[in-house]
>>> print(open('data_38.txt').read())   # compact mmCIF, C-alpha atoms
# COMPACT_ATOMS: atom_id res chain seq x y z
CA MET M 299 -35.12 71.09 -127.93
CA SER M 300 -38.39 72.10 -129.41
CA SER M 301 -39.43 73.17 -132.86
CA GLU M 302 -43.05 74.08 -132.25
CA ARG M 303 -44.60 77.47 -132.64
CA GLY M 304 -46.19 78.15 -129.26
CA PRO M 305 -49.20 80.38 -128.60
CA ASP M 306 -47.06 82.91 -126.67
CA LEU M 307 -44.45 83.26 -129.41
CA PRO M 308 -43.89 86.91 -130.36
CA PRO M 309 -44.89 87.90 -133.89
CA VAL M 310 -41.22 88.38 -134.93
CA ALA M 311 -40.40 84.73 -134.20
CA ASP M 312 -40.64 81.62 -136.36
CA ARG M 313 -40.45 78.91 -133.74
CA VAL M 314 -39.07 77.90 -130.37
CA LEU M 315 -35.57 76.56 -130.89
CA LEU M 316 -34.84 75.70 -127.24
CA ASP M 317 -37.60 75.42 -124.66
CA ALA M 318 -37.20 76.51 -121.03
CA GLY M 319 -36.91 72.94 -119.75
CA SER M 320 -34.10 72.06 -122.15
CA ILE M 321 -32.22 75.22 -121.22
CA ALA M 322 -32.64 74.61 -117.47
CA GLU M 323 -31.40 71.02 -117.77
CA ARG M 324 -28.34 72.03 -119.79
CA VAL M 325 -27.54 74.88 -117.38
CA ARG M 326 -27.59 72.38 -114.49
CA GLU M 327 -25.18 70.12 -116.40
CA LEU M 328 -22.83 73.00 -117.18
CA GLY M 329 -22.90 74.14 -113.55
CA ALA M 330 -22.04 70.65 -112.32
CA ALA M 331 -19.13 70.39 -114.77
CA ILE M 332 -17.76 73.78 -113.71
CA ALA M 333 -18.05 72.89 -110.01
CA GLU M 334 -16.22 69.60 -110.58
CA ASP M 335 -13.48 71.12 -112.72
CA HIS M 336 -12.81 74.05 -110.38
CA ALA M 337 -13.31 72.56 -106.90
CA GLY M 338 -11.30 74.45 -104.31
CA GLU M 339 -10.18 77.19 -106.71
CA ASP M 340 -10.71 80.94 -106.52
CA LEU M 341 -13.47 80.82 -109.13
CA ARG M 342 -14.72 83.92 -110.92
CA LEU M 343 -17.58 83.99 -113.41
CA ILE M 344 -17.56 87.06 -115.64
CA THR M 345 -20.16 88.03 -118.19
CA VAL M 346 -20.39 90.72 -120.81
CA LEU M 347 -23.55 92.75 -120.31
CA ARG M 348 -26.40 92.70 -121.19
CA GLY M 349 -27.16 89.45 -122.94
CA GLY M 350 -25.20 87.16 -120.64
CA ALA M 351 -26.85 88.34 -117.41
CA MET M 352 -29.77 85.89 -117.50
CA PHE M 353 -27.53 82.91 -118.29
CA LEU M 354 -25.02 83.96 -115.62
CA ALA M 355 -27.77 84.25 -112.98
CA ASP M 356 -29.01 80.72 -113.63
CA LEU M 357 -25.55 79.23 -114.14
CA CYS M 358 -24.05 80.57 -110.92
CA ARG M 359 -26.90 78.98 -108.94
CA ALA M 360 -26.11 75.66 -110.62
CA VAL M 361 -22.43 75.76 -109.59
CA ASP M 362 -22.07 74.09 -106.20
CA ALA M 363 -18.87 75.91 -105.30
CA SER M 364 -17.72 79.15 -103.81
CA LEU M 365 -17.44 81.78 -106.54
CA GLN M 366 -17.50 85.46 -107.31
CA LEU M 367 -19.33 87.27 -110.09
CA ASP M 368 -18.20 90.25 -112.10
CA TYR M 369 -19.41 92.11 -115.16
CA MET M 370 -18.04 93.92 -118.18
CA ALA M 371 -19.69 95.95 -120.90
CA VAL M 372 -18.17 96.50 -124.31
CA SER M 373 -19.23 98.26 -127.46
CA SER M 374 -17.95 98.29 -131.01
CA TYR M 375 -15.92 101.24 -132.16
CA VAL M 376 -18.00 103.12 -134.70
CA GLY M 377 -16.11 103.00 -137.98
CA GLY M 378 -13.45 100.77 -136.45
CA ALA M 379 -11.99 97.57 -137.79
CA PRO M 380 -14.06 94.39 -137.42
CA GLY M 381 -13.74 93.17 -133.85
CA ALA M 382 -12.51 96.56 -132.59
CA VAL M 383 -14.23 97.16 -129.27
CA ARG M 384 -13.96 99.47 -126.33
CA ILE M 385 -14.68 98.72 -122.70
CA THR M 386 -17.57 100.77 -121.35
CA LYS M 387 -17.66 99.00 -117.96
CA ASP M 388 -14.60 97.20 -116.66
CA LEU M 389 -14.33 94.53 -113.98
CA ASP M 390 -14.66 95.69 -110.39
CA ASP M 391 -12.25 93.10 -108.97
CA ASP M 392 -8.69 91.97 -109.68
CA ILE M 393 -8.55 88.51 -111.33
CA GLU M 394 -4.82 87.79 -111.00
CA GLY M 395 -4.36 84.19 -109.84
CA ALA M 396 -8.07 83.33 -110.12
CA ALA M 397 -9.77 80.65 -112.21
CA VAL M 398 -11.79 82.83 -114.58
CA ILE M 399 -14.65 81.69 -116.79
CA VAL M 400 -16.17 84.15 -119.23
CA VAL M 401 -19.90 83.38 -119.44
CA GLU M 402 -21.44 84.24 -122.81
CA ASP M 403 -25.03 84.06 -123.98
CA ILE M 404 -23.98 83.40 -127.60
CA ILE M 405 -20.75 83.19 -129.57
CA ASP M 406 -21.04 84.15 -133.21
CA THR M 407 -17.95 85.40 -135.10
CA GLY M 408 -15.94 85.40 -131.89
CA LEU M 409 -14.26 88.73 -132.62
CA THR M 410 -15.51 90.56 -129.52
CA LEU M 411 -14.88 87.60 -127.25
CA ASN M 412 -11.38 87.20 -128.68
CA TYR M 413 -10.64 90.81 -127.70
CA VAL M 414 -12.09 90.34 -124.21
CA LEU M 415 -10.06 87.15 -123.67
CA SER M 416 -6.80 88.81 -124.74
CA MET M 417 -7.48 91.70 -122.38
CA LEU M 418 -8.27 89.32 -119.49
CA ARG M 419 -5.19 87.14 -120.19
CA ALA M 420 -3.01 90.24 -119.64
CA ARG M 421 -4.40 90.42 -116.08
CA LYS M 422 -2.75 87.06 -115.26
CA PRO M 423 -5.57 84.78 -114.12
CA ALA M 424 -4.51 81.26 -113.09
CA SER M 425 -6.78 79.94 -115.84
CA LEU M 426 -9.15 81.43 -118.37
CA GLY M 427 -12.08 79.52 -119.87
CA VAL M 428 -15.27 80.20 -121.77
CA CYS M 429 -18.79 78.95 -121.08
CA THR M 430 -21.40 79.76 -123.69
CA LEU M 431 -25.05 78.87 -123.74
CA LEU M 432 -25.30 79.12 -127.53
CA ASP M 433 -22.57 78.48 -130.07
CA LYS M 434 -23.11 79.55 -133.65
CA ASP M 435 -19.77 78.06 -134.72
CA VAL M 436 -20.62 78.10 -138.43
CA ARG M 437 -20.01 81.88 -138.31
CA ARG M 438 -16.75 81.72 -136.34
CA ILE M 439 -13.95 83.89 -137.72
CA VAL M 440 -11.39 83.37 -134.94
CA ASP M 441 -10.46 80.17 -133.15
CA LEU M 442 -11.67 80.31 -129.56
CA PRO M 443 -11.17 77.95 -126.63
CA VAL M 444 -14.79 77.14 -125.70
CA THR M 445 -14.50 75.10 -122.52
CA TYR M 446 -18.21 74.63 -121.79
CA ARG M 447 -20.85 74.67 -124.54
CA GLY M 448 -24.59 74.56 -123.96
CA PHE M 449 -25.98 74.15 -127.46
CA SER M 450 -24.68 74.47 -131.00
CA ILE M 451 -27.28 76.33 -133.02
CA PRO M 452 -27.87 77.01 -136.72
CA ASP M 453 -27.00 80.29 -138.41
CA ARG M 454 -30.25 82.04 -137.46
CA PHE M 455 -30.95 85.21 -135.52
CA VAL M 456 -32.37 84.22 -132.12
CA ILE M 457 -34.16 85.95 -129.25
CA GLY M 458 -35.05 85.07 -125.70
CA TYR M 459 -33.22 84.02 -122.57
CA GLY M 460 -31.19 87.24 -122.58
CA LEU M 461 -30.94 87.68 -126.36
CA ASP M 462 -32.74 90.63 -127.90
CA LEU M 463 -34.02 92.21 -131.07
CA GLY M 464 -34.00 95.98 -130.71
CA GLY M 465 -33.77 95.68 -126.93
CA LEU M 466 -36.89 93.49 -126.69
CA TYR M 467 -37.55 89.81 -125.90
CA ARG M 468 -34.64 89.23 -123.47
CA ASN M 469 -37.22 88.12 -120.87
CA LEU M 470 -38.56 85.16 -122.85
CA PRO M 471 -37.86 81.91 -120.95
CA TYR M 472 -36.94 80.09 -124.19
CA VAL M 473 -34.82 80.74 -127.29
CA ALA M 474 -36.72 81.34 -130.54
CA THR M 475 -35.61 81.93 -134.12
CA VAL M 476 -36.55 85.25 -135.71
CA ARG M 477 -38.33 85.52 -139.04
CA ASP M 478 -35.94 86.88 -141.69
CA GLU M 479 -38.26 89.78 -142.56
CA ALA M 480 -38.32 90.89 -138.89
CA ILE M 481 -34.58 91.53 -138.80
CA VAL M 482 -33.91 95.16 -139.52
>>> encode(input="data_38.txt", output="structure tokens")
Amino acid sequence: MSSERGPDLPPVADRVLLDAGSIAERVRELGAAIAEDHAGEDLRLITVLRGGAMFLADLCRAVDASLQLDYMAVSSYVGGAPGAVRITKDLDDDIEGAAVIVVEDIIDTGLTLNYVLSMLRARKPASLGVCTLLDKDVRRIVDLPVTYRGFSIPDRFVIGYGLDLGGLYRNLPYVATVRDEAIV
């Protein structure tokens, strides 16, 4: 982990929270753990677009096992209850009987992930786990089974490594905290 303000830090950011090297090392460790835990299984890694795509790409290359990838997209219902979401892109493949791991970039309140997990459970996978790069557990509203956790982070808005602010900064190779006044 790093706490230095680097010269390439965008103006909306305070500091680098996790540098690229720390992220890469932790992704390798998570991939090794997943490969060991799911050896010989019909393994499926699923992410919710868009934020999880970068983490999924690196994580799947760190898993030394045969696996399949799939993607979902969800959005909040406008005016709906907290955690009410709708699926805007569903899985392409059937997951019944498979070992499924939902790969998340960050877990905050857990409401959206809780909905996604309940929907996936109904499709009868052999097992259903969660792998998150970032866990902001201080904000958790629902109890979630996080099987693989990259980093626990403080209650700060973050950008980089797939996480955005207004659609920008997903391409940063590190995770940085955002200045409070930059959050709209």
>>> atom_distance(input="data_38.txt", atom1="atom CA of Arg477 of chain M", atom2="atom CA of Pro308 of chain M")
10.4 Å
>>> residues_around(input="data_38.txt", residues="Phe455 of chain M", least_positions_apart="6", cutoff="10 Å", atoms="only C-alpha atoms", output="ChimeraX atom specification")
/M:311,434,461-463,474-478,480-481
>>> closest_residue(input="data_38.txt", among="M:Gly338, M:Gly329, M:Pro309, M:Gly319", to="Cys358 of chain M", atoms="all atoms listed in the file")
M:Gly329
>>> atom_distance(input="data_38.txt", atom1="atom CA of Asp362 of chain M", atom2="atom CA of Leu341 of chain M")
11.3 Å
>>> atom_distance(input="data_38.txt", atom1="atom CA of Ala318 of chain M", atom2="atom CA of Val473 of chain M")
7.9 Å
>>> closest_residue(input="data_38.txt", among="M:Ile439, M:Ala396, M:Leu347, M:Leu418", to="Leu365 of chain M", atoms="all atoms listed in the file")
M:Ala396
>>> closest_residue(input="data_38.txt", among="M:Gly465, M:Ile404, M:Tyr446, M:Ala397", to="Glu327 of chain M", atoms="all atoms listed in the file")
M:Tyr446
>>> closest_residue(input="data_38.txt", among="M:Asp306, M:Asp441, M:Asp317, M:Asp453", to="Leu409 of chain M", atoms="all atoms listed in the file")
M:Asp441
>>> residues_around(input="data_38.txt", residues="Ile399 of chain M", least_positions_apart="2", cutoff="8 Å", atoms="all atoms listed in the file", output="list of chain:residue names")
M:Leu341, M:Arg342, M:Leu343, M:Ile344, M:Ala397, M:Val401, M:Leu426, M:Gly427, M:Val428, M:Cys429
>>> closest_residue(input="data_38.txt", among="M:Ile385, M:Leu354, M:Val400, M:Val361", to="Leu415 of chain M", atoms="all atoms listed in the file")
M:Val400
>>> closest_residue(input="data_38.txt", among="M:Gly350, M:Glu339, M:Gly448, M:Met417", to="Gly395 of chain M", atoms="only C-alpha atoms")
M:Glu339
>>> axis_aligned_box(input="data_38.txt", around="segment 452-457 of chain M", padding_each_side="4 Å", output="JSON")
{"center_x": -30.6, "center_y": 81.5, "center_z": -133.8, "size_x": 15.2, "size_y": 16.9, "size_z": 17.2}
>>> residues_around(input="data_38.txt", residues="Val325 of chain M", least_positions_apart="4", cutoff="9 Å", atoms="all atoms listed in the file", output="PyMOL selection string")
chain M and resi 320-321+329-330+353+356-357+360+431+448
>>> residues_around(input="data_38.txt", residues="Val436 of chain M", least_positions_apart="2", cutoff="12 Å", atoms="all atoms listed in the file", output="MDAnalysis selection string")
chainID M and resid 405:408 432:434 438:441 450:454
